[in-house]
$ cat my_file14.pdb   # PDB, C-alpha atoms (C1' of nucleotides)
ATOM      1  CA  MET A  98      20.015  22.066  -5.337
ATOM      2  CA  THR A  99      19.125  25.227  -7.125
ATOM      3  CA  ASP A 100      17.520  24.598 -10.467
ATOM      4  CA  LYS A 101      19.412  27.225 -12.399
ATOM      5  CA  ILE A 102      23.119  27.419 -12.893
ATOM      6  CA  PRO A 103      24.280  30.606 -11.245
ATOM      7  CA  GLU A 104      25.918  33.083 -13.500
ATOM      8  CA  LEU A 105      29.643  33.397 -13.268
ATOM      9  CA  GLU A 106      29.270  36.729 -11.589
ATOM     10  CA  ILE A 107      27.095  35.292  -8.858
ATOM     11  CA  LEU A 108      29.849  32.883  -7.953
ATOM     12  CA  PHE A 109      32.253  35.774  -7.678
ATOM     13  CA  GLU A 110      29.869  37.554  -5.359
ATOM     14  CA  LEU A 111      29.469  34.391  -3.361
ATOM     15  CA  ALA A 112      33.233  34.048  -3.016
ATOM     16  CA  ASP A 113      33.337  37.610  -1.753
ATOM     17  CA  LEU A 114      30.719  36.780   0.830
ATOM     18  CA  PHE A 115      32.594  33.749   2.100
ATOM     19  CA  LYS A 116      35.768  35.797   2.162
ATOM     20  CA  VAL A 117      34.139  37.972   4.773
ATOM     21  CA  PHE A 118      33.426  34.940   6.927
ATOM     22  CA  GLY A 119      36.924  33.667   6.341
ATOM     23  CA  ASP A 120      38.681  35.836   8.879
ATOM     24  CA  SER A 121      38.841  34.861  12.527
ATOM     25  CA  THR A 122      38.542  38.396  13.842
ATOM     26  CA  ARG A 123      35.370  39.031  11.875
ATOM     27  CA  LEU A 124      34.022  35.643  12.838
ATOM     28  CA  ARG A 125      34.700  36.316  16.495
ATOM     29  CA  ILE A 126      33.045  39.699  16.224
ATOM     30  CA  MET A 127      29.958  38.127  14.708
ATOM     31  CA  TYR A 128      29.975  35.520  17.402
ATOM     32  CA  THR A 129      29.901  38.148  20.137
ATOM     33  CA  LEU A 130      26.739  39.429  18.478
ATOM     34  CA  PHE A 131      24.974  36.073  18.608
ATOM     35  CA  ASP A 132      23.065  36.984  21.721
ATOM     36  CA  GLY A 133      22.442  40.637  20.964
ATOM     37  CA  GLU A 134      23.896  43.988  20.124
ATOM     38  CA  ARG A 135      27.189  45.327  21.434
ATOM     39  CA  SER A 136      29.123  48.564  21.180
ATOM     40  CA  VAL A 137      32.485  48.811  19.466
ATOM     41  CA  GLY A 138      34.198  49.245  22.811
ATOM     42  CA  GLU A 139      32.542  46.206  24.291
ATOM     43  CA  ILE A 140      33.573  44.054  21.369
ATOM     44  CA  ALA A 141      37.130  45.340  21.480
ATOM     45  CA  GLU A 142      37.344  44.539  25.166
ATOM     46  CA  LEU A 143      35.806  41.102  24.783
ATOM     47  CA  LEU A 144      38.256  40.170  22.071
ATOM     48  CA  ASN A 145      41.093  42.074  23.672
ATOM     49  CA  MET A 146      41.957  43.879  20.470
ATOM     50  CA  GLU A 147      42.509  47.468  19.354
ATOM     51  CA  HIS A 148      39.378  49.531  18.903
ATOM     52  CA  SER A 149      40.712  50.529  15.546
ATOM     53  CA  THR A 150      41.017  46.957  14.374
ATOM     54  CA  ILE A 151      37.481  46.202  15.445
ATOM     55  CA  SER A 152      36.179  49.320  13.800
ATOM     56  CA  HIS A 153      37.865  48.473  10.520
ATOM     57  CA  GLN A 154      36.413  44.986  10.532
ATOM     58  CA  LEU A 155      32.961  46.141  11.556
ATOM     59  CA  ARG A 156      33.068  48.341   8.519
ATOM     60  CA  VAL A 157      33.747  45.328   6.330
ATOM     61  CA  LEU A 158      30.886  43.464   7.950
ATOM     62  CA  ARG A 159      28.582  46.396   7.514
ATOM     63  CA  THR A 160      29.527  46.962   3.886
ATOM     64  CA  ASN A 161      28.602  43.366   3.278
ATOM     65  CA  LYS A 162      25.305  43.757   5.079
ATOM     66  CA  LEU A 163      26.130  41.239   7.771
ATOM     67  CA  VAL A 164      25.702  43.656  10.664
ATOM     68  CA  LYS A 165      23.623  46.743  11.231
ATOM     69  CA  ILE A 166      23.984  49.628  13.625
ATOM     70  CA  ARG A 167      21.987  51.638  16.116
ATOM     71  CA  ARG A 168      23.339  54.813  17.562
ATOM     72  CA  ASP A 169      22.713  55.640  21.203
ATOM     73  CA  GLY A 170      24.523  58.692  22.419
ATOM     74  CA  LYS A 171      28.224  58.360  22.041
ATOM     75  CA  GLN A 172      28.119  54.669  21.391
ATOM     76  CA  ILE A 173      27.190  52.772  18.312
ATOM     77  CA  TYR A 174      25.655  49.397  18.817
ATOM     78  CA  TYR A 175      26.187  46.675  16.276
ATOM     79  CA  SER A 176      24.023  43.623  15.764
ATOM     80  CA  LEU A 177      23.694  40.840  13.225
ATOM     81  CA  ASP A 178      21.768  41.990  10.214
ATOM     82  CA  ASP A 179      19.584  38.922   9.871
ATOM     83  CA  ASP A 180      19.262  35.264  10.803
ATOM     84  CA  HIS A 181      21.105  34.199   7.697
ATOM     85  CA  VAL A 182      24.359  35.168   9.292
ATOM     86  CA  LYS A 183      23.858  32.894  12.269
ATOM     87  CA  LYS A 184      22.734  30.086  10.007
ATOM     88  CA  VAL A 185      25.787  30.253   7.770
ATOM     89  CA  ILE A 186      28.086  30.209  10.781
ATOM     90  CA  GLU A 187      26.223  27.350  12.423
ATOM     91  CA  MET A 188      26.268  25.331   9.238
ATOM     92  CA  GLY A 189      30.014  25.842   9.073
ATOM     93  CA  LEU A 190      30.370  24.855  12.713
ATOM     94  CA  ASP A 191      28.550  21.616  11.988
ATOM     95  CA  HIS A 192      31.176  20.778   9.444
ATOM     96  CA  VAL A 193      34.095  21.730  11.659
ATOM     97  CA  LEU A 194      32.779  19.996  14.756
ATOM     98  CA  GLU A 195      31.959  16.677  13.207
TER      99      GLU A 195
ATOM    100  CA  MET B 299      21.991  27.269  17.765
ATOM    101  CA  THR B 300      24.691  25.259  19.480
ATOM    102  CA  ASP B 301      24.338  25.240  23.225
ATOM    103  CA  LYS B 302      28.014  25.645  24.033
ATOM    104  CA  ILE B 303      30.215  28.593  23.239
ATOM    105  CA  PRO B 304      32.789  27.344  20.754
ATOM    106  CA  GLU B 305      36.318  27.548  21.962
ATOM    107  CA  LEU B 306      38.501  30.185  20.439
ATOM    108  CA  GLU B 307      40.307  27.577  18.456
ATOM    109  CA  ILE B 308      37.129  26.325  16.869
ATOM    110  CA  LEU B 309      36.451  29.792  15.511
ATOM    111  CA  PHE B 310      39.900  29.836  13.981
ATOM    112  CA  GLU B 311      39.207  26.502  12.333
ATOM    113  CA  LEU B 312      35.895  27.805  11.123
ATOM    114  CA  ALA B 313      37.540  30.863   9.614
ATOM    115  CA  ASP B 314      39.936  28.558   7.810
ATOM    116  CA  LEU B 315      37.014  26.615   6.424
ATOM    117  CA  PHE B 316      35.269  29.711   5.137
ATOM    118  CA  LYS B 317      38.535  30.901   3.688
ATOM    119  CA  VAL B 318      38.464  27.868   1.435
ATOM    120  CA  PHE B 319      35.018  28.837   0.177
ATOM    121  CA  GLY B 320      36.148  32.412  -0.233
ATOM    122  CA  ASP B 321      37.914  32.005  -3.536
ATOM    123  CA  SER B 322      36.047  32.109  -6.822
ATOM    124  CA  THR B 323      38.193  29.488  -8.502
ATOM    125  CA  ARG B 324      37.601  26.971  -5.742
ATOM    126  CA  LEU B 325      33.937  27.847  -5.650
ATOM    127  CA  ARG B 326      33.630  27.345  -9.381
ATOM    128  CA  ILE B 327      35.434  24.039  -9.123
ATOM    129  CA  MET B 328      33.038  22.864  -6.446
ATOM    130  CA  TYR B 329      30.158  24.016  -8.541
ATOM    131  CA  THR B 330      31.258  21.889 -11.476
ATOM    132  CA  LEU B 331      31.082  18.944  -9.085
ATOM    133  CA  PHE B 332      27.486  19.618  -8.089
ATOM    134  CA  ASP B 333      26.147  17.044 -10.495
ATOM    135  CA  GLY B 334      28.879  14.470 -10.186
ATOM    136  CA  GLU B 335      32.544  13.674 -10.429
ATOM    137  CA  ARG B 336      34.934  15.178 -12.940
ATOM    138  CA  SER B 337      38.576  14.747 -13.842
ATOM    139  CA  VAL B 338      41.141  17.497 -13.408
ATOM    140  CA  GLY B 339      41.319  17.993 -17.144
ATOM    141  CA  GLU B 340      37.572  18.311 -17.501
ATOM    142  CA  ILE B 341      37.419  20.908 -14.772
ATOM    143  CA  ALA B 342      40.307  22.859 -16.263
ATOM    144  CA  GLU B 343      38.604  22.877 -19.623
ATOM    145  CA  LEU B 344      35.229  23.847 -18.211
ATOM    146  CA  LEU B 345      36.721  26.780 -16.351
ATOM    147  CA  ASN B 346      39.215  27.543 -19.078
ATOM    148  CA  MET B 347      42.117  27.652 -16.678
ATOM    149  CA  GLU B 348      45.572  26.081 -16.400
ATOM    150  CA  HIS B 349      45.615  22.475 -15.265
ATOM    151  CA  SER B 350      48.212  23.449 -12.740
ATOM    152  CA  THR B 351      45.997  26.070 -11.177
ATOM    153  CA  ILE B 352      43.136  23.619 -10.889
ATOM    154  CA  SER B 353      45.388  20.981  -9.436
ATOM    155  CA  HIS B 354      46.691  23.354  -6.803
ATOM    156  CA  GLN B 355      43.214  24.364  -5.787
ATOM    157  CA  LEU B 356      41.906  20.817  -5.780
ATOM    158  CA  ARG B 357      44.649  20.060  -3.336
ATOM    159  CA  VAL B 358      43.410  22.799  -1.037
ATOM    160  CA  LEU B 359      39.884  21.462  -1.312
ATOM    161  CA  ARG B 360      41.053  17.959  -0.597
ATOM    162  CA  THR B 361      43.191  18.952   2.367
ATOM    163  CA  ASN B 362      40.105  20.542   3.805
ATOM    164  CA  LYS B 363      38.014  17.467   3.164
ATOM    165  CA  LEU B 364      35.662  19.180   0.773
ATOM    166  CA  VAL B 365      36.342  16.882  -2.155
ATOM    167  CA  LYS B 366      37.419  13.293  -2.489
ATOM    168  CA  ILE B 367      39.070  11.394  -5.303
ATOM    169  CA  ARG B 368      38.736   8.214  -7.273
ATOM    170  CA  ARG B 369      41.481   7.046  -9.562
ATOM    171  CA  ASP B 370      40.595   5.457 -12.879
ATOM    172  CA  GLY B 371      43.569   4.749 -15.082
ATOM    173  CA  LYS B 372      45.422   7.909 -15.903
ATOM    174  CA  GLN B 373      42.693  10.178 -14.694
ATOM    175  CA  ILE B 374      41.730  11.148 -11.200
ATOM    176  CA  TYR B 375      38.106  11.936 -10.648
ATOM    177  CA  TYR B 376      37.108  14.463  -8.019
ATOM    178  CA  SER B 377      33.739  14.737  -6.331
ATOM    179  CA  LEU B 378      32.239  16.621  -3.424
ATOM    180  CA  ASP B 379      33.065  14.922  -0.165
ATOM    181  CA  ASP B 380      29.607  15.196   1.363
ATOM    182  CA  ASP B 381      26.311  17.044   1.188
ATOM    183  CA  HIS B 382      27.503  19.640   3.642
ATOM    184  CA  VAL B 383      29.501  21.301   0.932
ATOM    185  CA  LYS B 384      26.502  21.790  -1.298
ATOM    186  CA  LYS B 385      24.455  23.039   1.626
ATOM    187  CA  VAL B 386      26.985  25.641   2.670
ATOM    188  CA  ILE B 387      27.217  26.948  -0.873
ATOM    189  CA  GLU B 388      23.459  26.986  -1.321
ATOM    190  CA  MET B 389      22.982  28.795   1.961
ATOM    191  CA  GLY B 390      25.438  31.416   0.817
ATOM    192  CA  LEU B 391      23.696  31.676  -2.524
ATOM    193  CA  ASP B 392      20.437  32.381  -0.726
ATOM    194  CA  HIS B 393      22.074  35.352   0.913
ATOM    195  CA  VAL B 394      23.645  36.652  -2.258
ATOM    196  CA  LEU B 395      20.580  36.178  -4.410
ATOM    197  CA  GLU B 396      18.064  37.868  -2.161
TER     198      GLU B 396
ATOM    199  C1'  DT C 287      32.292  76.783  23.930
ATOM    200  C1'  DG C 288      35.570  73.205  25.202
ATOM    201  C1'  DA C 289      37.001  68.921  27.373
ATOM    202  C1'  DA C 290      36.350  64.070  27.443
ATOM    203  C1'  DC C 291      34.881  60.156  25.366
ATOM    204  C1'  DA C 292      33.488  56.797  21.430
ATOM    205  C1'  DT C 293      34.112  55.576  16.942
ATOM    206  C1'  DA C 294      35.910  56.092  12.164
ATOM    207  C1'  DT C 295      39.360  56.721   8.705
ATOM    208  C1'  DG C 296      43.830  56.924   6.002
ATOM    209  C1'  DA C 297      48.391  55.557   5.169
ATOM    210  C1'  DA C 298      52.017  52.322   5.848
ATOM    211  C1'  DT C 299      53.653  47.824   6.519
ATOM    212  C1'  DA C 300      54.101  42.958   6.932
ATOM    213  C1'  DT C 301      52.001  38.785   5.877
ATOM    214  C1'  DC C 302      49.327  35.797   3.215
ATOM    215  C1'  DT C 303      47.648  33.705  -1.050
ATOM    216  C1'  DG C 304      46.585  32.588  -6.078
ATOM    217  C1'  DT C 305      48.664  31.938 -10.356
ATOM    218  C1'  DT C 306      52.328  30.774 -13.462
ATOM    219  C1'  DC C 307      56.242  28.282 -15.149
ATOM    220  C1'  DA C 308      59.142  24.502 -14.949
ATOM    221  C1'  DT C 309      59.639  20.032 -13.553
ATOM    222  C1'  DA C 310      58.423  15.676 -11.317
ATOM    223  C1'  DT C 311      55.495  11.668 -10.493
ATOM    224  C1'  DG C 312      52.504   8.211 -11.911
ATOM    225  C1'  DT C 313      49.794   5.426 -15.423
ATOM    226  C1'  DT C 314      48.850   3.096 -19.793
ATOM    227  C1'  DA C 315      49.780   0.839 -23.979
ATOM    228  C1'  DA C 316      52.884  -0.393 -27.546
TER     229       DA C 316
ATOM    230  C1'  DT D 244      61.412  -0.256 -21.467
ATOM    231  C1'  DT D 245      59.835   3.883 -23.706
ATOM    232  C1'  DA D 246      56.555   7.314 -25.431
ATOM    233  C1'  DA D 247      52.504   9.763 -24.479
ATOM    234  C1'  DC D 248      49.353  11.396 -21.430
ATOM    235  C1'  DA D 249      47.263  13.023 -16.796
ATOM    236  C1'  DT D 250      48.105  15.018 -12.655
ATOM    237  C1'  DA D 251      51.013  16.903  -8.869
ATOM    238  C1'  DT D 252      54.489  19.765  -6.853
ATOM    239  C1'  DG D 253      57.935  23.536  -5.805
ATOM    240  C1'  DA D 254      59.639  28.079  -6.330
ATOM    241  C1'  DA D 255      58.831  32.739  -7.552
ATOM    242  C1'  DC D 256      56.129  36.694  -8.240
ATOM    243  C1'  DA D 257      52.274  39.875  -7.992
ATOM    244  C1'  DG D 258      48.314  41.318  -5.822
ATOM    245  C1'  DA D 259      45.329  41.287  -1.798
ATOM    246  C1'  DT D 260      44.472  42.098   3.088
ATOM    247  C1'  DA D 261      44.702  42.581   8.370
ATOM    248  C1'  DT D 262      46.756  45.272  11.736
ATOM    249  C1'  DT D 263      48.876  49.336  13.680
ATOM    250  C1'  DC D 264      49.613  54.181  14.425
ATOM    251  C1'  DA D 265      48.188  58.718  13.934
ATOM    252  C1'  DT D 266      44.544  61.611  13.224
ATOM    253  C1'  DA D 267      39.767  62.994  12.292
ATOM    254  C1'  DT D 268      34.835  63.033  13.163
ATOM    255  C1'  DG D 269      30.990  63.030  16.033
ATOM    256  C1'  DT D 270      28.514  63.193  20.637
ATOM    257  C1'  DT D 271      27.650  64.534  25.432
ATOM    258  C1'  DC D 272      27.894  67.289  29.364
ATOM    259  C1'  DA D 273      29.703  70.860  32.204
TER     260       DA D 273
END
$ encode --input "my_file14.pdb" --output "structure tokens"
Amino acid sequence: MTDKIPELEILFELADLFKVFGDSTRLRIMYTLFDGERSVGEIAELLNMEHSTISHQLRVLRTNKLVKIRRDGKQIYYSLDDDHVKKVIEMGLDHVLE
Amino acid sequence: MTDKIPELEILFELADLFKVFGDSTRLRIMYTLFDGERSVGEIAELLNMEHSTISHQLRVLRTNKLVKIRRDGKQIYYSLDDDHVKKVIEMGLDHVLE
DNA sequence: TGAACATATGAATATCTGTTCATATGTTAA
DNA sequence: TTAACATATGAACAGATATTCATATGTTCA
């Protein structure tokens, strides 16, 4: 365990982070990015949801630094921001799948 | 990473799990249990919150198998259910603290 | 430039969720 | 059994949040 007690505020931030993972749409979006970048349209089609919904949620993910973007012409490609994201999800999966 | 694509339902379960971590009160409760068991009253006092609030949230944690209980006379002592819980929180902390 | 396409944004709404208050259950010791 | 204490539960309310619809922004290509 960490050797210092986290400040109260850190725990609030942490709750906010987990909140972002705590929505199935966002989780599914992140999962579609596990093997590489995808455009908004691709994600929307894969999940069979409104582009607008996906866009709103991608914004949340981006604000929280969980995904990053790359523009290519008309499309914007999203990908996971770092390996941490995968790791947190996989650690959660371990718990759920046991 | 896992070698099979999780079923849709698994991702819903996973979101539910993260949802539980995504509340600062529950997170703070779990944190007070990092170094051992505590009674409801102790937790309420530590966090300076209503016993009722703590009790409600402990129930959520227990339903989700994140904490377990031990009865000793009038008090009920709660503790983290397994090491997974600590690990998930610590992994999240890594992300927040960087 | 303008049409067609891709994505983003704002407002509105319906649903969900955390806390509080009041009350109930369960335990101990006299 | 009864009083005192510890915890749990149910209902109600307030605040948060995901989705939808309508519209705006931004990009390409003719």
$ closest_residue --input "my_file14.pdb" --among "A:Glu104, A:Glu195, A:Lys171, A:Phe109" --to "chain B" --atoms "all atoms listed in the file"
A:Phe109
$ interface_residues --input "my_file14.pdb" --of "chain B" --to "chain D" --cutoff "8 Å" --atoms "all atoms listed in the file" --output "mmCIF file with C-alpha atoms, in the coordinates of the input"
data_model
loop_
_atom_site.group_PDB
_atom_site.id
_atom_site.type_symbol
_atom_site.label_atom_id
_atom_site.label_comp_id
_atom_site.auth_asym_id
_atom_site.auth_seq_id
_atom_site.Cartn_x
_atom_site.Cartn_y
_atom_site.Cartn_z
ATOM 1 C CA VAL B 338 41.141 17.497 -13.408
ATOM 2 C CA GLY B 339 41.319 17.993 -17.144
ATOM 3 C CA SER B 353 45.388 20.981 -9.436
ATOM 4 C CA LYS B 372 45.422 7.909 -15.903
ATOM 5 C CA GLN B 373 42.693 10.178 -14.694
ATOM 6 C CA ILE B 374 41.730 11.148 -11.200
#
$ atom_distance --input "my_file14.pdb" --atom1 "CA of Leu345 (chain B)" --atom2 "C1' of DC307 (chain C)"
19.6 Å
$ closest_atom_pairs --input "my_file14.pdb" --of "chain A" --to "chain C" --cutoff "12 Å" --atoms "only C-alpha atoms (C1' of nucleotides)" --output "tab-separated table"
residue	atom	partner	partner_atom	distance
A:Ser136	CA	C:DA292	C1'	9.3
A:Val137	CA	C:DT293	C1'	7.4
A:Gly138	CA	C:DA292	C1'	7.7
A:Glu139	CA	C:DA292	C1'	11.0
A:Ala141	CA	C:DT293	C1'	11.6
A:Glu147	CA	C:DT293	C1'	11.9
A:His148	CA	C:DT293	C1'	8.3
A:Ser149	CA	C:DA294	C1'	8.1
A:Thr150	CA	C:DA294	C1'	10.7
A:Ile151	CA	C:DT293	C1'	10.1
A:Ser152	CA	C:DA294	C1'	7.0
A:His153	CA	C:DA294	C1'	8.0
A:Gln154	CA	C:DA294	C1'	11.2
A:Leu155	CA	C:DA294	C1'	10.4
A:Arg156	CA	C:DA294	C1'	9.0
A:Arg168	CA	C:DT293	C1'	10.8
A:Asp169	CA	C:DA292	C1'	10.8
A:Gly170	CA	C:DA292	C1'	9.2
A:Lys171	CA	C:DA292	C1'	5.5
A:Gln172	CA	C:DA292	C1'	5.8
A:Ile173	CA	C:DT293	C1'	7.6
A:Tyr174	CA	C:DT293	C1'	10.6
A:Tyr175	CA	C:DT293	C1'	11.9
$ interface_residues --input "my_file14.pdb" --of "chain B" --to "chain A" --cutoff "6 Å" --atoms "all atoms listed in the file" --output "ChimeraX atom specification"
/B:310,313,316-317,319-322
$ axis_aligned_box --input "my_file14.pdb" --around "region 288-298 of chain C" --padding-each-side "8 Å" --output "AutoDock Vina command-line options"
--center_x 42.8 --center_y 62.8 --center_z 16.3 --size_x 34.5 --size_y 36.9 --size_z 38.3
$ decode --input "my_file14.pdb" --residues "region 122-158 of chain A" --atoms "C-alpha atoms" --output "JSON list (two decimals), in the first residue's frame"
[["chain", "number", "residue", "atom", "x", "y", "z"],
["A", 122, "THR", "CA", -21.37, 3.22, -22.59],
["A", 123, "ARG", "CA", -18.03, 4.77, -21.73],
["A", 124, "LEU", "CA", -16.64, 1.39, -20.78],
["A", 125, "ARG", "CA", -17.77, -0.09, -24.07],
["A", 126, "ILE", "CA", -16.26, 2.82, -25.95],
["A", 127, "MET", "CA", -12.95, 2.28, -24.20],
["A", 128, "TYR", "CA", -13.15, -1.38, -24.95],
["A", 129, "THR", "CA", -13.52, -0.75, -28.67],
["A", 130, "LEU", "CA", -10.25, 1.16, -28.42],
["A", 131, "PHE", "CA", -8.36, -1.74, -26.86],
["A", 132, "ASP", "CA", -6.87, -2.78, -30.15],
["A", 133, "GLY", "CA", -6.33, 0.65, -31.65],
["A", 134, "GLU", "CA", -7.83, 3.93, -32.67],
["A", 135, "ARG", "CA", -11.32, 4.39, -34.09],
["A", 136, "SER", "CA", -13.36, 7.26, -35.46],
["A", 137, "VAL", "CA", -16.51, 8.51, -33.78],
["A", 138, "GLY", "CA", -18.61, 7.04, -36.55],
["A", 139, "GLU", "CA", -17.00, 3.65, -36.26],
["A", 140, "ILE", "CA", -17.58, 3.54, -32.54],
["A", 141, "ALA", "CA", -21.19, 4.64, -32.92],
["A", 142, "GLU", "CA", -21.79, 1.91, -35.46],
["A", 143, "LEU", "CA", -20.06, -0.76, -33.41],
["A", 144, "LEU", "CA", -22.13, 0.06, -30.37],
["A", 145, "ASN", "CA", -25.22, 0.81, -32.40],
["A", 146, "MET", "CA", -25.79, 4.12, -30.68],
["A", 147, "GLU", "CA", -26.38, 7.73, -31.71],
["A", 148, "HIS", "CA", -23.31, 9.61, -32.88],
["A", 149, "SER", "CA", -24.30, 12.35, -30.52],
["A", 150, "THR", "CA", -24.29, 10.07, -27.52],
["A", 151, "ILE", "CA", -20.87, 8.75, -28.41],
["A", 152, "SER", "CA", -19.54, 12.22, -28.97],
["A", 153, "HIS", "CA", -20.79, 13.40, -25.60],
["A", 154, "GLN", "CA", -19.19, 10.47, -23.84],
["A", 155, "LEU", "CA", -15.94, 10.76, -25.74],
["A", 156, "ARG", "CA", -15.79, 14.29, -24.48],
["A", 157, "VAL", "CA", -16.07, 13.05, -20.91],
["A", 158, "LEU", "CA", -13.33, 10.52, -21.54]]
